[in-house]
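Structure first, then comments.
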Amino acid sequence: MNQVITKYYKVADHVFCVSGEDKIFALMVNYEPFVYDDLVCDTCFALSVEQGVQPVYAEELRQEEEGQDIVCGHTSAGDPVFEFRWWNETAGWLVCGTDYGKGRLVTTGRYQKMAIDNALMVLYALATAQKGTALFHASTVSDEGYAYMFLGKSGTGKSTHASLWLKYIEGTALVNDDNPVVRTFDDGTAHVYGSPWSGKTPCYRNVSYPLGGIVELSQAPYNRIYRLMGIQAYAALVPSISGKRWDAAIADGLHQTENALAMTVPMWHLECLPDEEAAHVCHEKVKKIKE
């Protein structure tokens with residue numbers, strides 16, 4: 001029998017642990033930069049990974065994107081359930097408590113890494129939603145001590161625009177290409193952090209930067225940028241943040257974070273081409289000057 005072990009990880013200063021047979025950790029290389037050795041600490045959540053039978057649950061909502069489906073539901077006892085499917089094949093089921101402090105991932109043996117990554121992203125997003133924290137769908141670059149996030153619908157060109165900064169703006173670096181974490185603080189500041197999840201581009205950096213600006217992208221036959229304020233800024237944030245918004249407590253936590261970001265972080269909308277000029281137009285407008 002394989003030995004069950006537990007490892008601890010720290011992402012954006014939130015600590016969580018994963019327990020399972022030692023072979024699952026060979027699938028978790030992207031988490032290695034976030035390994036945390038101080039075991040005398042409070043964990044945000046704990047996930048156990050095991051093989052087993054499908055839990056019985058009632059479906060509430062289904063999210064579909066590029067072959068990946070997440071089916072959300074609940075057991076008869078009211079415990080949240082998330083089924084992870086890849087091209088119509090189930091990879092696993094996450095069953096967790098209503099406070100999202102503990103979760104049990106039952107895997108089918110197919111697409112096991114996909115199941116583990118999705119379970120951890122879901123638990124992380126929900127367990128931290130009331131802690132001023134949000135997991136974004138965004139591509140993020142750093143420049144002169146600040147980070148800048150690019151938002152937009154799937155296919156808008158977030159990764160493409162980030163790559164243009166990397167190519168044409170000297171000194172820039174990729175922080176994360178799909179799932180950075182943002183935290184807001186009581187002093188009115190916001191920081192963005194690298195994470196173990198980065199979409200199709202492997203970029204798993206344990207780094208953090210003050211958030212210098214957020215740019216919503218849309219495709220256009222020209223390059224033009226303008227500032228978003230108030231409700232426009234708030235509305236631009238909502239589609240890019242992961243969360244179970246039909247849960248009132250989660251929705252309230254995300255609202256507090258979104259409101260704080262809309263009020264304190266400069267936000268812009270960039271209508272753009274996928275060209276060098278777009279990178280320079282955006283950079284010149286949004287870059288922060290160190291004080």
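Identifiers for the structure tokens are assigned positionally: chains receive A, B, ... in sequence, residues are indexed from 1 per chain, and ligands are indexed from 1 in the order shown.
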
> Which residues, written as a VMD selection string, have at least one atom at most 6 Å from stretch 251-258 of chain A, with only C-alpha atoms counted and residues fewer than 6 positions away on the same chain left out?
Replying inline: chain A and resid 129 to 130 132 245

>> I'd like the contact shell of A:Ser163 - 9 Å cut-off, only C-alpha atoms, skipping same-chain residues fewer than 5 positions apart - returned as a ChimeraX atom specification.
In response: /A:141,158,168,174

>> From a backbone DSSP assignment, name each residue in stretch 57-259 of chain A labelled helix (DSSP H, G or I), as a count of residues only.
In response: 50

List every residue of stretch 69-169 of chain A that has an atom at most 9 Å from any atom of stretch 44-49 of chain A, and for each one report the closest atom pair and its distance in Å to one decimal, counting only C-alpha atoms, with rows sorted by chain and then by increasing residue number, as CSV.
residue,atom,partner,partner_atom,distance
A:Cys96,CA,A:Leu47,CA,8.8
A:Tyr100,CA,A:Phe45,CA,6.9
A:Gly101,CA,A:Phe45,CA,4.3
A:Lys102,CA,A:Ala46,CA,4.9
A:Gly103,CA,A:Leu47,CA,4.7
A:Arg104,CA,A:Ser48,CA,4.9
A:Leu105,CA,A:Val49,CA,4.8
A:Val106,CA,A:Val49,CA,6.2
A:Thr107,CA,A:Val49,CA,7.3
A:Ile116,CA,A:Val49,CA,7.8
A:Ala119,CA,A:Leu47,CA,8.3
A:Leu120,CA,A:Leu47,CA,7.6
A:Leu123,CA,A:Phe45,CA,7.4
A:Tyr124,CA,A:Phe45,CA,7.6
A:Ala127,CA,A:Cys44,CA,6.5
A:Thr128,CA,A:Cys44,CA,7.4

> With distances taken over only C-alpha atoms, which of A:Ala278, A:Met229, A:Ala77, A:Met114 is nearest to A:His161?
Replying inline: A:Ala278

>> What does the structure give for the distance between atom CA of A:Val18 and atom CA of A:Thr75, in Å to one decimal?
In response: 22.7 Å

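In this model, the gap between atom CA of A:Val181 and atom CA of A:Glu64 comes to 22.0 Å.
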
>> At a cut-off of 12 Å, using only C-alpha atoms, what residues contact A:Val35? Leave out same-chain residues fewer than 3 positions from it and give the result as a PyMOL selection string.
In response: chain A and resi 6-11+13-18+25+28-32+38-39+195-196+204-206

>> With only C-alpha atoms as the counted atoms, please give the residues lying no more than 6 Å from A:Glu271, apart from itself and same-chain residues fewer than 5 positions off, as JSON, numbers by chain.
In response: {"A": [218, 219, 220, 223, 224]}

Residues near A:Lys167, cut-off 10 Å, only C-alpha atoms, skip fewer than 6 positions along chain, as a CSV table (one decimal) with N, CA, C and O atoms, in the first residue's frame:
chain,number,residue,atom,x,y,z
A,161,HIS,N,-1.3,40.2,-25.7
A,161,HIS,CA,-0.9,41.5,-25.3
A,161,HIS,C,0.3,41.4,-24.3
A,161,HIS,O,1.2,42.2,-24.4
A,173,ALA,N,8.5,41.2,-17.2
A,173,ALA,CA,8.6,39.8,-17.0
A,173,ALA,C,7.2,39.3,-16.8
A,173,ALA,O,6.3,40.0,-16.3
A,276,GLU,N,3.0,46.0,-32.0
A,276,GLU,CA,4.0,46.6,-31.1
A,276,GLU,C,3.4,48.0,-30.6
A,276,GLU,O,3.6,48.3,-29.4
A,279,ALA,N,1.3,47.7,-27.4
A,279,ALA,CA,2.1,47.6,-26.2
A,279,ALA,C,2.6,49.0,-25.7
A,279,ALA,O,2.5,49.3,-24.5
